[in-house]
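Text of the file query.txt, holding compact mmCIF, C-alpha atoms:
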# COMPACT_ATOMS: atom_id res chain seq x y z
CA MET A 1 -35.40 -75.05 132.71
CA LYS A 2 -33.74 -76.28 129.55
CA LYS A 3 -36.14 -76.70 126.72
CA LYS A 4 -34.27 -79.41 124.92
CA TYR A 5 -36.35 -82.10 123.31
CA SER A 6 -34.32 -85.04 124.60
CA TYR A 7 -34.09 -83.46 128.02
CA ASN A 8 -37.88 -83.36 128.22
CA ILE A 9 -38.20 -86.98 127.18
CA ALA A 10 -35.72 -88.13 129.81
CA PHE A 11 -37.31 -85.94 132.46
CA CYS A 12 -40.79 -87.28 131.73
CA GLY A 13 -39.44 -90.81 131.82
CA ILE A 14 -37.89 -90.28 135.24
CA MET A 15 -41.06 -88.67 136.52
CA ALA A 16 -43.20 -91.51 135.16
CA ALA A 17 -40.96 -94.05 136.88
CA LEU A 18 -41.15 -92.00 140.06
CA ALA A 19 -44.95 -91.75 139.88
CA ILE A 20 -45.32 -95.50 139.39
CA SER A 21 -42.88 -96.27 142.21
CA LEU A 22 -44.71 -93.91 144.52
CA GLY A 23 -47.95 -95.64 143.59
CA TYR A 24 -46.32 -98.94 144.54
CA LEU A 25 -45.01 -97.47 147.79
CA GLU A 26 -48.55 -96.53 148.67
CA VAL A 27 -49.75 -100.08 148.10
CA LEU A 28 -46.98 -101.29 150.44
CA ILE A 29 -47.90 -98.95 153.26
CA PRO A 30 -51.40 -99.69 154.50
CA PHE A 31 -52.38 -96.17 155.35
CA SER A 32 -55.99 -97.00 156.21
CA VAL A 33 -56.31 -95.93 159.82
CA GLY A 34 -59.61 -97.68 160.50
CA ILE A 35 -61.27 -95.74 157.71
CA TYR A 36 -61.06 -97.08 154.20
CA GLY A 37 -60.26 -95.35 150.96
CA ILE A 38 -57.89 -92.86 152.53
CA LYS A 39 -54.61 -92.51 150.72
CA LEU A 40 -51.90 -89.92 150.66
CA GLY A 41 -51.81 -89.66 146.89
CA LEU A 42 -48.03 -89.72 146.74
CA ALA A 43 -48.02 -90.14 142.97
CA ASN A 44 -49.45 -86.67 142.72
CA LEU A 45 -46.03 -85.41 143.83
CA ALA A 46 -44.65 -86.30 140.43
CA ILE A 47 -47.66 -85.06 138.48
CA LEU A 48 -47.84 -81.73 140.27
CA SER A 49 -44.11 -81.16 139.89
CA LEU A 50 -44.38 -81.91 136.20
CA LEU A 51 -47.20 -79.41 135.82
CA TYR A 52 -44.84 -76.71 137.05
CA LEU A 53 -41.50 -77.92 135.68
CA ALA A 54 -42.62 -79.14 132.26
CA ASP A 55 -45.92 -78.50 130.56
CA MET A 56 -49.51 -79.66 130.80
CA LYS A 57 -49.20 -82.22 128.00
CA SER A 58 -46.23 -84.03 129.57
CA ALA A 59 -47.95 -84.07 132.94
CA LEU A 60 -51.10 -85.53 131.43
CA ALA A 61 -49.14 -88.20 129.55
CA VAL A 62 -47.25 -89.26 132.67
CA HIS A 63 -50.45 -89.15 134.70
CA LEU A 64 -52.36 -91.42 132.33
CA LEU A 65 -49.38 -93.77 132.02
CA ARG A 66 -49.17 -94.08 135.79
CA ILE A 67 -52.88 -94.80 136.17
CA VAL A 68 -52.80 -97.49 133.49
CA VAL A 69 -49.59 -99.13 134.73
CA CYS A 70 -50.55 -99.00 138.40
CA GLY A 71 -54.02 -100.26 137.49
CA MET A 72 -52.55 -103.25 135.69
CA LEU A 73 -50.00 -103.98 138.40
CA PHE A 74 -51.94 -103.58 141.61
CA GLY A 75 -55.61 -103.23 140.81
CA ASN A 76 -58.58 -104.79 139.14
CA ALA A 77 -61.15 -103.42 136.71
CA VAL A 78 -63.25 -101.79 139.41
CA ALA A 79 -60.27 -100.14 141.07
CA PHE A 80 -59.11 -98.92 137.67
CA LEU A 81 -62.45 -97.25 137.01
CA TYR A 82 -62.24 -95.37 140.31
CA SER A 83 -58.66 -94.47 139.65
CA ILE A 84 -59.13 -93.13 136.13
CA VAL A 85 -62.23 -91.06 136.88
CA GLY A 86 -60.69 -89.57 140.02
CA GLY A 87 -57.37 -89.05 138.30
CA LEU A 88 -58.74 -87.29 135.24
CA LEU A 89 -61.14 -85.01 137.08
CA SER A 90 -58.57 -83.98 139.64
CA PHE A 91 -56.09 -83.33 136.84
CA VAL A 92 -58.54 -81.06 135.04
CA ALA A 93 -59.24 -79.22 138.30
CA MET A 94 -55.54 -78.75 138.99
CA VAL A 95 -54.78 -77.46 135.47
CA LEU A 96 -57.65 -74.98 135.56
CA LEU A 97 -56.67 -73.72 139.00
CA LYS A 98 -53.05 -73.35 138.02
CA LYS A 99 -54.17 -71.14 135.13
CA THR A 100 -55.90 -68.74 137.52
CA GLU A 101 -52.52 -68.08 139.19
CA LYS A 102 -54.30 -67.54 142.49
CA LEU A 103 -52.97 -70.54 144.39
CA SER A 104 -49.56 -71.97 145.21
CA PRO A 105 -48.83 -75.66 144.52
CA ILE A 106 -50.12 -76.42 148.01
CA GLY A 107 -53.56 -75.00 147.27
CA ILE A 108 -53.67 -76.74 143.90
CA SER A 109 -52.71 -80.02 145.52
CA ILE A 110 -55.48 -79.61 148.09
CA CYS A 111 -58.02 -79.07 145.32
CA GLY A 112 -56.64 -82.06 143.44
CA GLY A 113 -57.03 -84.25 146.52
CA VAL A 114 -60.54 -83.09 147.26
CA VAL A 115 -61.74 -83.36 143.65
CA HIS A 116 -60.15 -86.82 143.41
CA ASN A 117 -62.08 -87.99 146.46
CA LEU A 118 -65.35 -86.42 145.33
CA ALA A 119 -65.04 -88.01 141.89
CA GLN A 120 -64.45 -91.43 143.41
CA MET A 121 -67.43 -90.87 145.67
CA ALA A 122 -69.53 -90.14 142.58
CA VAL A 123 -68.34 -93.34 140.93
CA ALA A 124 -69.20 -95.28 144.07
CA VAL A 125 -72.71 -93.80 144.14
CA ILE A 126 -73.25 -94.79 140.50
CA LEU A 127 -71.68 -98.27 140.80
CA VAL A 128 -73.25 -99.29 144.08
CA ASP A 129 -76.47 -97.48 143.15
CA ASN A 130 -77.13 -96.37 146.69
CA LEU A 131 -77.05 -92.76 147.79
CA LYS A 132 -76.43 -93.84 151.36
CA ILE A 133 -72.69 -93.96 150.92
CA ALA A 134 -72.86 -90.18 150.87
CA PHE A 135 -72.45 -90.45 154.64
CA TYR A 136 -68.81 -90.77 153.80
CA LEU A 137 -68.62 -87.42 152.06
CA PRO A 138 -67.43 -85.27 154.99
CA VAL A 139 -64.72 -87.76 155.89
CA LEU A 140 -63.47 -87.79 152.31
CA LEU A 141 -63.51 -83.99 152.15
CA ILE A 142 -61.34 -83.69 155.24
CA ALA A 143 -59.02 -86.52 154.25
CA GLY A 144 -58.58 -85.08 150.75
CA THR A 145 -57.68 -81.70 152.19
CA VAL A 146 -55.12 -83.03 154.65
CA ALA A 147 -53.49 -85.44 152.21
CA GLY A 148 -53.51 -82.77 149.48
CA ALA A 149 -51.85 -80.25 151.77
CA LEU A 150 -49.10 -82.68 152.76
CA VAL A 151 -48.37 -83.63 149.17
CA GLY A 152 -48.54 -79.97 148.19
CA VAL A 153 -45.92 -78.92 150.73
CA VAL A 154 -43.49 -81.55 149.48
CA SER A 155 -44.25 -80.74 145.82
CA GLN A 156 -43.55 -77.09 146.39
CA ARG A 157 -40.11 -77.92 147.74
CA ILE A 158 -39.40 -80.20 144.79
CA ILE A 159 -40.46 -77.50 142.36
CA GLN A 160 -38.30 -74.88 144.07
CA LYS A 161 -35.25 -77.14 144.07
CA LEU A 162 -35.56 -78.30 140.47
CA LYS A 163 -36.58 -75.04 138.84
CA MET B 164 -41.00 -66.16 159.46
CA ALA B 165 -41.34 -64.30 156.22
CA LYS B 166 -44.61 -62.67 155.37
CA LEU B 167 -47.03 -64.99 153.62
CA SER B 168 -47.38 -64.41 149.93
CA LYS B 169 -50.79 -63.76 148.47
CA LYS B 170 -50.93 -67.24 146.99
CA HIS B 171 -50.23 -68.80 150.34
CA ARG B 172 -52.90 -66.71 151.98
CA ASN B 173 -55.36 -68.00 149.38
CA ASP B 174 -54.16 -71.52 150.17
CA ILE B 175 -54.98 -71.09 153.82
CA ILE B 176 -58.41 -69.66 153.03
CA LEU B 177 -59.10 -72.65 150.78
CA LEU B 178 -57.82 -75.12 153.37
CA SER B 179 -59.97 -73.71 156.14
CA ALA B 180 -63.04 -73.45 153.89
CA VAL B 181 -62.90 -77.10 152.83
CA LEU B 182 -62.10 -78.35 156.33
CA LEU B 183 -64.92 -76.26 157.77
CA ALA B 184 -67.36 -77.59 155.15
CA GLY B 185 -66.28 -81.15 155.99
CA ILE B 186 -66.71 -80.72 159.72
CA LEU B 187 -70.03 -78.92 159.24
CA LEU B 188 -71.36 -81.74 157.05
CA LEU B 189 -70.15 -84.30 159.58
CA VAL B 190 -72.05 -82.53 162.37
CA ILE B 191 -75.19 -82.16 160.23
CA PHE B 192 -75.11 -85.82 159.21
CA THR B 193 -74.71 -86.93 162.81
CA ILE B 194 -77.58 -84.75 164.03
CA VAL B 195 -80.02 -85.43 161.20
CA LEU B 196 -79.45 -89.17 161.07
CA LYS B 197 -79.59 -90.27 164.66
CA ASP B 198 -78.15 -93.65 165.49
CA THR B 199 -81.27 -95.65 166.40
CA GLY B 200 -81.65 -98.21 163.63
CA GLU B 201 -84.09 -101.06 163.71
CA THR B 202 -83.99 -102.92 160.41
CA VAL B 203 -80.98 -104.22 158.55
CA VAL B 204 -81.35 -103.68 154.81
CA VAL B 205 -78.96 -105.32 152.37
CA THR B 206 -78.85 -104.24 148.74
CA VAL B 207 -76.87 -105.90 145.98
CA ASP B 208 -76.20 -103.85 142.84
CA GLY B 209 -78.94 -101.44 143.91
CA GLU B 210 -81.61 -104.08 144.43
CA GLU B 211 -82.88 -105.13 147.82
CA PHE B 212 -81.48 -108.50 148.78
CA LEU B 213 -82.44 -108.88 152.42
CA ARG B 214 -84.46 -107.08 155.10
CA VAL B 215 -84.28 -108.39 158.65
CA PRO B 216 -84.80 -106.96 162.14
CA LEU B 217 -81.69 -105.85 163.97
CA ASP B 218 -82.74 -107.28 167.35
CA GLU B 219 -82.68 -110.95 166.29
CA ASP B 220 -79.29 -112.63 166.21
CA ALA B 221 -78.65 -114.26 162.84
CA GLU B 222 -76.06 -114.92 160.17
CA PHE B 223 -76.51 -114.56 156.41
CA TRP B 224 -74.32 -115.17 153.39
CA ILE B 225 -74.90 -112.28 151.01
CA GLU B 226 -74.49 -113.22 147.39
CA GLY B 227 -72.95 -110.16 145.80
CA TYR B 228 -72.49 -109.07 142.23
CA ASP B 229 -70.58 -111.53 140.05
CA GLY B 230 -70.60 -114.35 142.62
CA GLY B 231 -68.90 -112.48 145.46
CA LYS B 232 -69.83 -113.45 149.00
CA ASN B 233 -70.03 -111.52 152.28
CA LEU B 234 -71.00 -112.96 155.67
CA LEU B 235 -73.40 -110.67 157.55
CA VAL B 236 -73.59 -111.29 161.30
CA ILE B 237 -76.35 -109.72 163.40
CA LYS B 238 -75.64 -110.01 167.10
CA ASP B 239 -76.62 -108.05 170.22
CA GLY B 240 -78.37 -105.36 168.19
CA THR B 241 -75.41 -104.74 165.89
CA ALA B 242 -74.78 -105.72 162.28
CA ARG B 243 -71.37 -106.26 160.76
CA ILE B 244 -69.68 -108.17 157.98
CA THR B 245 -67.19 -110.64 159.36
CA GLU B 246 -66.08 -112.40 156.21
CA ALA B 247 -65.75 -111.39 152.58
CA ASP B 248 -64.05 -112.85 149.54
CA CYS B 249 -62.94 -109.52 148.11
CA PRO B 250 -59.27 -108.56 148.20
CA GLU B 251 -59.77 -105.24 149.97
CA GLN B 252 -61.73 -106.50 153.04
CA ILE B 253 -62.97 -102.97 153.46
CA CYS B 254 -66.46 -104.07 154.54
CA VAL B 255 -64.93 -106.22 157.29
CA LYS B 256 -62.75 -103.36 158.49
CA THR B 257 -65.69 -100.94 158.48
CA GLY B 258 -67.04 -102.71 161.57
CA VAL B 259 -70.52 -102.22 162.99
CA ALA B 260 -73.15 -100.68 160.70
CA SER B 261 -75.21 -97.78 161.97
CA GLU B 262 -77.72 -95.43 160.43
CA ILE B 263 -75.06 -92.94 159.47
CA LYS B 264 -72.50 -95.58 158.65
CA SER B 265 -73.47 -98.12 156.02
CA ILE B 266 -71.16 -100.98 155.24
CA VAL B 267 -70.19 -100.83 151.60
CA CYS B 268 -68.46 -103.51 149.60
CA ALA B 269 -67.88 -101.78 146.28
CA HIS B 270 -66.26 -104.93 144.94
CA ASN B 271 -69.37 -107.10 145.37
CA ARG B 272 -71.69 -104.08 145.08
CA VAL B 273 -73.14 -104.86 148.48
CA VAL B 274 -74.50 -102.21 150.84
CA VAL B 275 -75.60 -103.03 154.38
CA SER B 276 -77.56 -100.20 155.95
CA ILE B 277 -79.72 -99.69 159.02
CA GLU B 278 -83.21 -98.23 158.67
CA LYS B 279 -85.67 -96.96 161.23
CA ASP B 280 -89.13 -98.52 161.10

Any chance you could give the structure as structure tokens?
Amino acid sequence: MKKKYSYNIAFCGIMAALAISLGYLEVLIPFSVGIYGIKLGLANLAILSLLYLADMKSALAVHLLRIVVCGMLFGNAVAFLYSIVGGLLSFVAMVLLKKTEKLSPIGISICGGVVHNLAQMAVAVILVDNLKIAFYLPVLLIAGTVAGALVGVVSQRIIQKLK
Amino acid sequence: MAKLSKKHRNDIILLSAVLLAGILLLVIFTIVLKDTGETVVVTVDGEEFLRVPLDEDAEFWIEGYDGGKNLLVIKDGTARITEADCPEQICVKTGVASEIKSIVCAHNRVVVSIEKD
């Protein structure tokens, strides 16, 4: 990949726009199949690709930008809190796992999805102040894995094509 | 198909491990918490708001956090939320509450759960 300064700026801009649009797409498609809180995490496509194609800093910047913009556009304060905690923790998990060089983008995406769901679960336990919602934990684990795998497969293709 | 790379093999191990853990937890939760509830307990922001028997038909407006409202309907031994003023309507979509499935409205900080006496 070219390491030109202006190239990076333009690339990050495109990826940020893509991430936000994907976030919007997800709002448009009600993916809740009877169970709530289950999302594909399409925006992670852009973030994961950036992690591989650019560097960690650009990915983090785009990630934060997306969370803030999508939060302002489609969410409220509560949704934003869930989003930022889940987003940051899953990002940290993905960066650390990428450093180990043991997993492909698919595996990293799976971890991102699962950590995202677990973090949101933790926020829900704290906010609602009732441990009972832990009943939802297994469902979230499975959903995070499946969604993460799907996003990971697509991300891997994007990374291969753009590298 | 080409031979799987080491990274992809790790991916599959990870995938199966997490899925297995999820299914295992699901089974454990279902066995440990059997579905024979008797009392409907409603908490708002962590504090108990309402405690009523499940076998008496009734309707209650739950006053949630920050003025939010949810309509709890107890009928034929089941409890569900039929109306809510939150945008997500997740509690309505959750359906009937059971001992392993509480109804949660994160927006109004309302939790409807079933407890055994």

* Dump as a PyMOL selection string the residues of chain B that approach chain A to within 9 Å, counting all atoms listed in the file. => chain B and resi 169-175+177-178+181-189+192+206-210+253-254+256-257+263-274+276

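Across the structure, atom CA of A:Ala93 and atom CA of A:Phe80 are spaced 19.7 Å apart.
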
* To do: Using all atoms listed in the file, give me every residue within 12 Å of (-55.9, -90.7, 136.3) in file coordinates, as a VMD selection string.
  => chain A and resid 19 23 41 43 to 44 47 59 to 71 79 to 92 112 115 to 116 119 to 120

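All residues of protein, DNA or RNA that reach within 7 Å of B:Lys238, judged by only C-alpha atoms and not counting those fewer than 4 positions away in the chain, are Asp220, Ala221 and Ala242 of chain B.
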
* Determine, counting only C-alpha atoms, which protein, DNA and RNA residues have an atom within 9 Å of an atom of stretch 156-158 of chain A; residues of the same chain fewer than 4 positions away are not included. Present the result as number ranges by chain. => A: 45, 48-49, 104-106, 151-152, 162-163

Using the file's own x, y and z axes, so that the box edges lie along x, y and z, what centre and edge lengths in Å (one decimal) does a box around every listed atom of stretch 76-86 of chain A get when 8 Å is added on each side? Give it as AutoDock Vina command-line options.
--center_x -60.9 --center_y -97.2 --center_z 138.6 --size_x 20.7 --size_y 31.2 --size_z 20.9
